[in-house]
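**Q** What follows is the file data_33.tsv, containing TSV, C-alpha atoms:
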chain	number	residue	atom	x	y	z
V	213	MET	CA	-25.34	-36.10	-28.63
V	214	ARG	CA	-27.28	-33.12	-27.35
V	215	PHE	CA	-29.73	-35.42	-25.61
V	216	LEU	CA	-26.92	-37.40	-23.97
V	217	GLY	CA	-25.33	-34.18	-22.73
V	218	LEU	CA	-28.64	-33.00	-21.25
V	219	LEU	CA	-29.11	-36.40	-19.61
V	220	ALA	CA	-25.63	-36.28	-18.05
V	221	VAL	CA	-26.23	-32.76	-16.75
V	222	LEU	CA	-29.62	-33.67	-15.30
V	223	ILE	CA	-28.30	-36.80	-13.56
V	224	THR	CA	-25.29	-34.92	-12.13
V	225	GLY	CA	-27.54	-32.09	-10.97
V	226	ALA	CA	-29.95	-34.51	-9.30
V	227	LEU	CA	-27.04	-36.24	-7.56
V	228	LEU	CA	-25.67	-32.90	-6.35
V	229	ILE	CA	-29.06	-31.85	-4.95
V	230	TYR	CA	-29.42	-35.27	-3.31
V	231	ALA	CA	-25.93	-35.01	-1.79
V	232	ALA	CA	-26.50	-31.44	-0.58
V	233	ASP	CA	-29.02	-32.87	1.85
V	234	ASP	CA	-26.12	-34.41	3.81
V	235	PHE	CA	-24.45	-31.06	4.40
V	236	PRO	CA	-24.80	-29.58	7.87
V	237	ASP	CA	-27.33	-26.76	8.20
V	238	TRP	CA	-26.21	-23.20	7.64
V	239	GLY	CA	-24.70	-21.75	10.82
V	240	ASP	CA	-24.88	-25.11	12.64
V	241	PRO	CA	-22.51	-24.87	15.62
V	242	THR	CA	-22.21	-28.67	15.80
V	243	ALA	CA	-21.08	-28.97	12.16
V	244	PRO	CA	-17.62	-30.61	11.82
V	245	ALA	CA	-16.14	-27.38	10.46
V	246	SER	CA	-17.30	-25.40	13.51
V	247	ALA	CA	-16.74	-28.08	16.13
V	248	TYR	CA	-13.14	-28.88	15.17
V	249	ARG	CA	-10.64	-27.55	17.71
V	250	VAL	CA	-8.79	-25.35	15.18
V	251	SER	CA	-11.95	-23.29	14.55
V	252	ARG	CA	-12.59	-23.14	18.27
V	253	HIS	CA	-9.05	-21.90	18.80
V	254	TYR	CA	-9.47	-19.20	16.13
V	255	ILE	CA	-12.83	-18.07	17.49
V	256	THR	CA	-11.81	-17.91	21.13
V	257	GLN	CA	-8.10	-17.02	20.97
V	258	THR	CA	-7.70	-14.68	17.97
V	259	HIS	CA	-8.46	-11.53	19.87
V	260	ILE	CA	-6.16	-12.55	22.75
V	261	GLU	CA	-3.27	-13.69	20.56
V	262	THR	CA	-3.28	-10.97	17.91
V	263	GLY	CA	-5.51	-8.18	19.17
V	264	VAL	CA	-7.42	-8.17	15.87
V	265	PRO	CA	-11.22	-7.96	16.20
V	266	ASN	CA	-11.98	-9.21	12.67
V	267	LEU	CA	-10.94	-12.83	12.86
V	268	VAL	CA	-11.34	-13.35	9.11
V	269	THR	CA	-8.45	-10.96	8.57
V	270	ALA	CA	-6.42	-12.59	11.35
V	271	VAL	CA	-6.84	-16.02	9.77
V	272	LEU	CA	-6.02	-14.67	6.30
V	273	ALA	CA	-3.01	-12.57	7.17
V	274	ASP	CA	-1.57	-14.30	10.22
V	275	TYR	CA	-2.60	-17.91	10.85
V	276	ARG	CA	-2.86	-18.68	7.14
V	277	GLY	CA	-0.25	-16.20	5.99
V	278	TYR	CA	1.27	-18.62	3.50
V	279	ASP	CA	-2.00	-18.94	1.61
V	280	THR	CA	-2.39	-15.20	1.25
V	281	LEU	CA	1.26	-14.76	0.25
V	282	PHE	CA	0.88	-17.23	-2.58
V	283	GLU	CA	-2.51	-15.80	-3.57
V	284	THR	CA	-0.70	-12.52	-4.04
V	285	VAL	CA	1.96	-14.31	-6.08
V	286	VAL	CA	-0.81	-15.87	-8.20
V	287	ILE	CA	-2.26	-12.40	-8.93
V	288	PHE	CA	1.23	-11.17	-9.76
V	289	THR	CA	1.87	-14.10	-12.10
V	290	ALA	CA	-1.50	-13.61	-13.80
V	291	GLY	CA	-0.66	-9.97	-14.45
V	292	ILE	CA	2.77	-10.82	-15.84
V	293	ALA	CA	1.24	-13.55	-18.04
V	294	ILE	CA	-1.33	-11.11	-19.46
V	295	LEU	CA	1.46	-8.66	-20.13
V	296	ALA	CA	3.47	-11.36	-21.90
V	297	ILE	CA	0.52	-12.39	-24.08
V	298	LEU	CA	-1.14	-9.08	-24.91
V	299	ARG	CA	1.53	-6.41	-24.85
V	300	VAL	CA	2.85	-5.40	-28.28
V	301	PHE	CA	5.76	-3.04	-28.78
V	302	PRO	CA	6.33	-0.80	-31.83
V	303	ARG	CA	9.11	-1.95	-34.14
V	304	LYS	CA	12.12	0.23	-34.71
V	305	GLY	CA	11.29	3.12	-36.99
V	306	ASP	CA	7.55	2.97	-36.34
V	307	THR	CA	6.35	6.05	-34.56
V	308	LEU	CA	2.78	4.88	-34.21
V	309	LEU	CA	1.39	1.41	-34.29
V	310	PRO	CA	-0.85	0.47	-37.23
V	311	GLY	CA	-4.48	1.24	-36.59
V	312	PHE	CA	-3.77	4.10	-34.27
V	313	THR	CA	-5.12	7.48	-35.24
V	314	PRO	CA	-4.41	10.18	-32.72
V	315	ASP	CA	-7.62	12.09	-33.34
V	316	ALA	CA	-9.88	9.05	-33.45
V	317	ARG	CA	-11.46	10.03	-30.17
V	318	GLU	CA	-13.34	13.22	-29.52
V	319	GLU	CA	-12.77	15.47	-26.57
V	320	PRO	CA	-13.88	13.86	-23.30
V	321	ASP	CA	-17.37	14.83	-22.24
V	322	ILE	CA	-17.42	17.65	-19.67
V	323	ILE	CA	-20.11	16.02	-17.51
V	324	LEU	CA	-18.14	12.77	-17.34
V	325	VAL	CA	-14.88	14.56	-16.58
V	326	THR	CA	-16.41	16.67	-13.81
V	327	THR	CA	-18.21	13.70	-12.23
V	328	SER	CA	-15.08	11.57	-12.30
V	329	ARG	CA	-13.05	14.40	-10.77
V	330	ILE	CA	-15.43	14.37	-7.82
V	331	LEU	CA	-15.75	10.58	-7.61
V	332	VAL	CA	-12.15	9.44	-8.06
V	333	PRO	CA	-10.74	11.00	-4.85
V	334	ILE	CA	-13.65	9.62	-2.82
V	335	ILE	CA	-13.14	6.13	-4.27
V	336	GLN	CA	-9.40	6.28	-3.59
V	337	LEU	CA	-9.93	7.51	-0.04
V	338	PHE	CA	-12.42	4.71	0.55
V	339	ALA	CA	-9.93	2.20	-0.87
V	340	LEU	CA	-7.25	3.40	1.54
V	341	TYR	CA	-9.75	3.16	4.40
V	342	VAL	CA	-10.63	-0.41	3.39
V	343	ILE	CA	-6.94	-1.37	3.32
V	344	ALA	CA	-6.05	0.30	6.60
V	345	HIS	CA	-9.19	-0.77	8.45
V	346	GLY	CA	-9.09	-4.38	7.31
V	347	HIS	CA	-8.56	-5.78	10.80
V	348	HIS	CA	-11.52	-3.98	12.33
V	349	SER	CA	-14.15	-4.16	9.61
V	350	PRO	CA	-14.64	-6.26	6.49
V	351	GLY	CA	-12.05	-5.53	3.88
V	352	GLY	CA	-8.33	-5.71	3.50
V	353	GLY	CA	-5.64	-5.67	0.87
V	354	PHE	CA	-7.45	-7.49	-1.91
V	355	GLN	CA	-10.67	-5.51	-1.75
V	356	GLY	CA	-8.95	-2.19	-1.17
V	357	GLY	CA	-6.50	-2.82	-4.00
V	358	VAL	CA	-9.31	-3.68	-6.39
V	359	ILE	CA	-11.25	-0.56	-5.38
V	360	PHE	CA	-8.17	1.60	-5.90
V	361	ALA	CA	-7.61	0.06	-9.32
V	362	ALA	CA	-11.28	0.70	-10.10
V	363	SER	CA	-10.72	4.42	-9.54
V	364	LEU	CA	-7.92	4.37	-12.14
V	365	VAL	CA	-10.17	2.43	-14.52
V	366	LEU	CA	-12.92	5.01	-14.00
V	367	LEU	CA	-10.45	7.73	-14.93
V	368	ALA	CA	-9.49	5.81	-18.08
V	369	LEU	CA	-13.14	5.25	-19.01
V	370	THR	CA	-14.36	8.80	-18.50
V	371	GLN	CA	-11.33	10.60	-19.93
V	372	ASN	CA	-8.80	8.43	-21.70
V	373	LEU	CA	-6.25	5.78	-20.96
V	374	LYS	CA	-3.46	8.33	-21.23
V	375	THR	CA	-4.78	10.20	-18.18
V	376	SER	CA	-4.54	7.06	-16.06
V	377	LEU	CA	-1.19	6.04	-17.53
V	378	ALA	CA	0.17	9.48	-16.65
V	379	LEU	CA	-0.52	8.60	-13.01
V	380	VAL	CA	0.52	4.95	-13.10
V	381	SER	CA	2.70	4.25	-16.10
V	382	GLU	CA	3.43	0.71	-17.21
V	383	ARG	CA	6.89	0.73	-15.69
V	384	ARG	CA	5.54	2.15	-12.45
V	385	ALA	CA	2.77	-0.44	-12.33
V	386	ILE	CA	5.24	-3.32	-12.67
V	387	THR	CA	7.50	-1.76	-10.03
V	388	ILE	CA	4.56	-1.38	-7.61
V	389	ALA	CA	3.44	-4.97	-8.27
V	390	CYS	CA	6.94	-6.28	-7.52
V	391	ALA	CA	7.20	-4.04	-4.45
V	392	GLY	CA	3.95	-5.47	-3.06
V	393	VAL	CA	5.17	-9.06	-3.24
V	394	ALA	CA	8.55	-7.92	-1.87
V	395	VAL	CA	6.89	-6.19	1.11
V	396	TYR	CA	4.93	-9.33	1.97
V	397	GLY	CA	7.85	-11.69	1.44
V	398	GLY	CA	10.18	-9.26	3.18
V	399	ILE	CA	8.08	-9.21	6.34
V	400	GLY	CA	8.12	-13.01	6.25
V	401	LEU	CA	11.85	-13.17	5.68
V	402	SER	CA	12.65	-10.67	8.42
V	403	CYS	CA	10.84	-12.98	10.84
V	404	MET	CA	13.20	-15.73	9.68
V	405	LEU	CA	16.22	-13.47	10.11
V	406	LEU	CA	15.17	-12.87	13.72
V	407	GLY	CA	15.35	-16.60	14.30
V	408	SER	CA	11.71	-17.64	14.04
V	409	ASN	CA	9.51	-19.25	11.39
V	410	PHE	CA	8.61	-17.62	8.08
V	411	LEU	CA	5.71	-15.16	8.65
V	412	ASP	CA	5.76	-15.58	12.45
V	413	TYR	CA	5.15	-11.91	13.16
V	414	SER	CA	5.46	-12.10	16.93
V	415	VAL	CA	9.28	-11.97	16.82
V	416	LEU	CA	9.16	-8.62	15.05
V	417	HIS	CA	8.65	-6.85	18.39
V	418	ARG	CA	12.42	-7.10	18.84
V	419	VAL	CA	13.06	-4.68	15.98
V	420	LEU	CA	9.87	-2.62	16.22
V	421	PRO	CA	10.43	-0.27	19.17
V	422	GLY	CA	7.74	0.05	21.79
V	423	LEU	CA	5.58	-2.84	20.62
V	424	THR	CA	4.63	-5.98	22.48
V	425	GLU	CA	4.43	-9.36	20.75
V	426	ILE	CA	0.68	-9.01	20.25
V	427	GLU	CA	0.97	-5.49	18.89
V	428	SER	CA	3.70	-6.53	16.50
V	429	ARG	CA	1.41	-9.24	15.10
V	430	TYR	CA	-1.35	-6.66	14.80
V	431	HIS	CA	0.79	-4.14	12.94
V	432	SER	CA	2.54	-6.71	10.75
V	433	MET	CA	-0.87	-7.69	9.43
V	434	LEU	CA	-1.35	-4.11	8.30
V	435	GLY	CA	2.05	-4.24	6.57
V	436	VAL	CA	1.12	-7.46	4.84
V	437	GLU	CA	-2.23	-6.02	3.73
V	438	ILE	CA	-0.45	-3.02	2.27
V	439	GLY	CA	1.81	-5.36	0.29
V	440	VAL	CA	-1.21	-7.25	-1.06
V	441	ALA	CA	-2.96	-3.98	-1.92
V	442	LEU	CA	0.05	-2.65	-3.87
V	443	THR	CA	0.28	-5.78	-6.02
V	444	VAL	CA	-3.46	-6.06	-6.61
V	445	THR	CA	-3.84	-2.38	-7.54
V	446	ALA	CA	-0.99	-2.40	-10.03
V	447	ILE	CA	-1.87	-5.75	-11.61
V	448	MET	CA	-5.61	-5.01	-11.94
V	449	PHE	CA	-4.92	-1.69	-13.58
V	450	SER	CA	-2.32	-3.08	-15.97
V	451	ILE	CA	-4.66	-5.94	-16.95
V	452	TYR	CA	-7.35	-3.38	-17.75
V	453	ALA	CA	-4.96	-1.16	-19.70
V	454	ASN	CA	-3.74	-4.07	-21.81
V	455	LEU	CA	-7.18	-5.58	-22.39
V	456	SER	CA	-8.84	-2.32	-23.42
V	457	SER	CA	-6.07	-1.19	-25.79
V	458	LYS	CA	-5.16	-4.60	-27.26
V	459	GLY	CA	-1.79	-4.34	-25.54
V	460	LYS	CA	-0.78	-1.17	-27.34
V	461	LEU	CA	-1.43	1.13	-24.37
V	462	HIS	CA	-2.62	3.92	-26.62
V	463	ASP	CA	-6.17	5.11	-26.17
V	464	GLY	CA	-8.33	2.05	-25.86
V	465	MET	CA	-11.92	1.97	-24.74
W	79	MET	CA	-20.13	-23.16	23.83
W	80	GLU	CA	-23.20	-24.49	25.67
W	81	ALA	CA	-25.29	-21.46	24.80
W	82	ALA	CA	-24.27	-21.70	21.14
W	83	GLY	CA	-25.11	-25.41	21.13
W	84	ALA	CA	-28.62	-24.74	22.35
W	85	GLN	CA	-29.30	-22.37	19.47
W	86	LYS	CA	-31.26	-23.91	16.65
W	87	PRO	CA	-29.34	-24.29	13.37
W	88	GLY	CA	-30.28	-21.68	10.80
W	89	GLU	CA	-30.73	-18.96	13.38
W	90	ARG	CA	-28.25	-16.24	14.22
W	91	GLY	CA	-28.44	-14.35	17.47
W	92	GLY	CA	-32.05	-15.39	17.90
W	93	HIS	CA	-33.11	-14.07	14.48
W	94	ALA	CA	-34.06	-16.53	11.78
W	95	VAL	CA	-32.95	-15.94	8.19
W	96	ILE	CA	-35.46	-13.96	6.15
W	97	TRP	CA	-36.43	-16.79	3.82
W	98	GLN	CA	-38.55	-14.58	1.53
W	99	PHE	CA	-35.46	-12.49	0.84
W	100	ASP	CA	-33.39	-15.63	0.21
W	101	LEU	CA	-36.01	-17.03	-2.14
W	102	LEU	CA	-36.17	-13.81	-4.16
W	103	ILE	CA	-32.37	-13.67	-4.50
W	104	LEU	CA	-32.09	-17.34	-5.46
W	105	VAL	CA	-34.85	-17.09	-8.09
W	106	LEU	CA	-33.22	-13.97	-9.57
W	107	LEU	CA	-29.84	-15.78	-9.51
W	108	VAL	CA	-31.17	-18.68	-11.56
W	109	VAL	CA	-32.94	-16.30	-13.98
W	110	SER	CA	-29.83	-14.16	-14.49
W	111	ALA	CA	-27.62	-17.23	-14.96
W	112	ILE	CA	-29.94	-18.63	-17.66
W	113	VAL	CA	-30.30	-15.25	-19.38
W	114	ALA	CA	-26.50	-14.71	-19.36
W	115	LEU	CA	-26.05	-18.07	-21.08
W	116	HIS	CA	-28.77	-17.62	-23.68
W	117	ILE	CA	-28.47	-13.98	-24.68
W	118	ARG	CA	-26.70	-13.46	-28.02
W	119	ASP	CA	-25.43	-9.97	-27.29
W	120	LEU	CA	-22.19	-10.54	-25.36
W	121	LEU	CA	-22.17	-7.04	-23.87
W	122	SER	CA	-25.56	-7.70	-22.28
W	123	ALA	CA	-24.29	-11.09	-21.08
W	124	ALA	CA	-21.33	-9.39	-19.38
W	125	LEU	CA	-23.61	-6.92	-17.64
W	126	ILE	CA	-25.98	-9.69	-16.53
W	127	PHE	CA	-22.93	-11.45	-15.08
W	128	GLY	CA	-22.41	-8.29	-13.04
W	129	VAL	CA	-26.00	-8.56	-11.84
W	130	TYR	CA	-25.38	-12.20	-10.96
W	131	SER	CA	-22.32	-11.22	-8.92
W	132	PHE	CA	-24.25	-8.55	-7.03
W	133	LEU	CA	-26.96	-11.06	-6.19
W	134	MET	CA	-24.29	-13.46	-4.91
W	135	CYS	CA	-22.88	-10.57	-2.89
W	136	LEU	CA	-26.30	-9.96	-1.31
W	137	LEU	CA	-26.57	-13.65	-0.50
W	138	TRP	CA	-23.13	-13.70	1.18
W	139	ALA	CA	-23.97	-10.58	3.16
W	140	GLU	CA	-27.28	-12.05	4.24
W	141	MET	CA	-25.52	-15.18	5.52
W	142	GLY	CA	-23.14	-13.04	7.55
W	143	ALA	CA	-20.02	-13.63	5.40
W	144	VAL	CA	-19.34	-9.93	5.04
W	145	ASP	CA	-15.71	-10.25	3.92
W	146	VAL	CA	-16.68	-12.60	1.11
W	147	ALA	CA	-19.55	-10.30	0.15
W	148	PHE	CA	-17.14	-7.38	-0.04
W	149	THR	CA	-14.76	-9.31	-2.29
W	150	GLU	CA	-17.62	-10.45	-4.49
W	151	ALA	CA	-18.85	-6.87	-4.90
W	152	ALA	CA	-15.40	-5.45	-5.66
W	153	VAL	CA	-13.93	-8.24	-7.78
W	154	GLY	CA	-16.93	-10.11	-9.17
W	155	ALA	CA	-19.32	-7.29	-9.92
W	156	GLY	CA	-16.84	-4.44	-10.36
W	157	VAL	CA	-13.53	-5.26	-11.94
W	158	SER	CA	-14.34	-8.50	-13.77
W	159	THR	CA	-17.32	-6.87	-15.49
W	160	VAL	CA	-15.01	-4.09	-16.66
W	161	PHE	CA	-12.51	-6.69	-17.92
W	162	LEU	CA	-15.24	-8.52	-19.84
W	163	VAL	CA	-16.52	-5.29	-21.38
W	164	ALA	CA	-12.98	-4.27	-22.37
W	165	THR	CA	-12.46	-7.66	-24.02
W	166	ILE	CA	-15.78	-7.48	-25.89
W	167	TYR	CA	-14.90	-3.96	-27.07
W	168	ASN	CA	-11.81	-5.35	-28.79
W	169	THR	CA	-13.32	-8.59	-30.10
W	170	LYS	CA	-16.89	-8.90	-31.36
W	171	ARG	CA	-20.17	-8.19	-29.76
W	172	ARG	CA	-22.37	-10.93	-31.21
W	173	SER	CA	-22.16	-14.51	-30.04
W	174	SER	CA	-21.75	-16.95	-32.95
W	175	ASP	CA	-23.61	-19.88	-31.42
So that I can check it, write out the structure of this file as structure tokens.
**A**
Amino acid sequence: MRFLGLLAVLITGALLIYAADDFPDWGDPTAPASAYRVSRHYITQTHIETGVPNLVTAVLADYRGYDTLFETVVIFTAGIAILAILRVFPRKGDTLLPGFTPDAREEPDIILVTTSRILVPIIQLFALYVIAHGHHSPGGGFQGGVIFAASLVLLALTQNLKTSLALVSERRAITIACAGVAVYGGIGLSCMLLGSNFLDYSVLHRVLPGLTEIESRYHSMLGVEIGVALTVTAIMFSIYANLSSKGKLHDGM
Amino acid sequence: MEAAGAQKPGERGGHAVIWQFDLLILVLLVVSAIVALHIRDLLSAALIFGVYSFLMCLLWAEMGAVDVAFTEAAVGAGVSTVFLVATIYNTKRRSSD
């Protein structure tokens, strides 16, 4: 059986390597993906139509806004699913869950606490920069949200989970996650209310004072990125909190 | 479009890819993938997965896909390693096979 498995893997691998020869070269401008008129439109028109220099962000948040909206919903659903599976609540009458001893953990180490106090604000500031600067440089809602959640995880690792939960409690995390999806969907819906298609940001210039159509697309992308970042931050942190404490949200790792 | 068409595939802005760099990353990728599969200590496997993700991130960055590289560094190497370590902390550290 083991031999047959190895044989199947080897044959599949050989076929894959053989087939990879048919792929266009890396960075080939005549490759079908680059030569198709949609790519050409994105490459030549993005800056004119949206004013966004980073066309990856423009494709993600504007041209392919649906994809990113539902990616955010997928993250949200994953977080809710993990909550549904892992989270355990104390029964009535129980003050502490079994297996929980309040003094099981020693005092947090002073070197770790001091280092994290210096690092956490820098990480959070960088995360905000990544979110806000997503149209000009690499980055955006997903990356910035993950980096922001990482700062909360660092706080939980170096001190304890309670310190992080004091900042973002479970209830607050779920509220933020819902708010993120609502911000994204709300921007899409308000485009519909103004008589255009879902997520067609250019009509928003009618309600945003002093903005042209192009500028309203530019700024709506920032709004959408903020929505994504809110959901990703809250969900990533709540996944970590539940995984590390077996869903009890007392002191875990 | 004409100027771009004249450029040889595999070159970007007149500079060829540094193949020595690519080769080193790819060899390390294969090594870390095999080690992550074979090591019996799951904590080490999780950390080697982090190494794998960082190597992928370098590869993306080298090919000019900076946004993907950024995501790989933040999600692949950062948060998912933490998730794996948190899971191992609450389950068991030794692999049974």
**Q** Which residues, written as a PyMOL selection string, have at least one atom at most 12 Å from Leu162 (chain W), with only C-alpha atoms counted and residues fewer than 4 positions away on the same chain left out?
**A** (chain V and resi 451-452+455-456) or (chain W and resi 120-128+154-158+166-171)
**Q** What separation in Å, quoted to one decimal, exists between CA of Leu267 (chain V) and CA of Tyr341 (chain V)?
**A** 18.1 Å
**Q** As an exercise, work out the distance from CA of Ala164 (chain W) to CA of Ser457 (chain V) in Å and give it to one decimal place.
**A** 8.3 Å
**Q** Which of these residues is nearest to chain V, using only C-alpha atoms: W:Met134, W:Leu104, W:Val113, W:Val95?
**A**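 Residue with the minimum atom-to-atom distance to chain V: W:Val95.
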**Q** Using only C-alpha atoms, select each residue of chain V with any atom at most 8 Å away from an atom of chain W, and give the selection as a list of chain:residue names.
**A**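 Listed by rising number, the hits are V:Asp237, V:Trp238, V:Gly239, V:Asp240, V:Pro241, V:Thr242, V:Val268, V:Pro350, V:Gly351, V:Phe354, V:Gln355, V:Val358, V:Ile359, V:Ala362, V:Met448, V:Ile451, V:Tyr452, V:Leu455, V:Ser456, V:Ser457, V:Lys458, V:Met465.
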**Q** List the spatial neighbours of Leu281 (chain V) as an MDAnalysis selection string - criterion: any atom at most 10 Å away, only C-alpha atoms, same-chain residues fewer than 3 positions off excluded.
**A** chainID V and resid 272:273 276:278 284:286 393 396:397 400 411 436 439:440
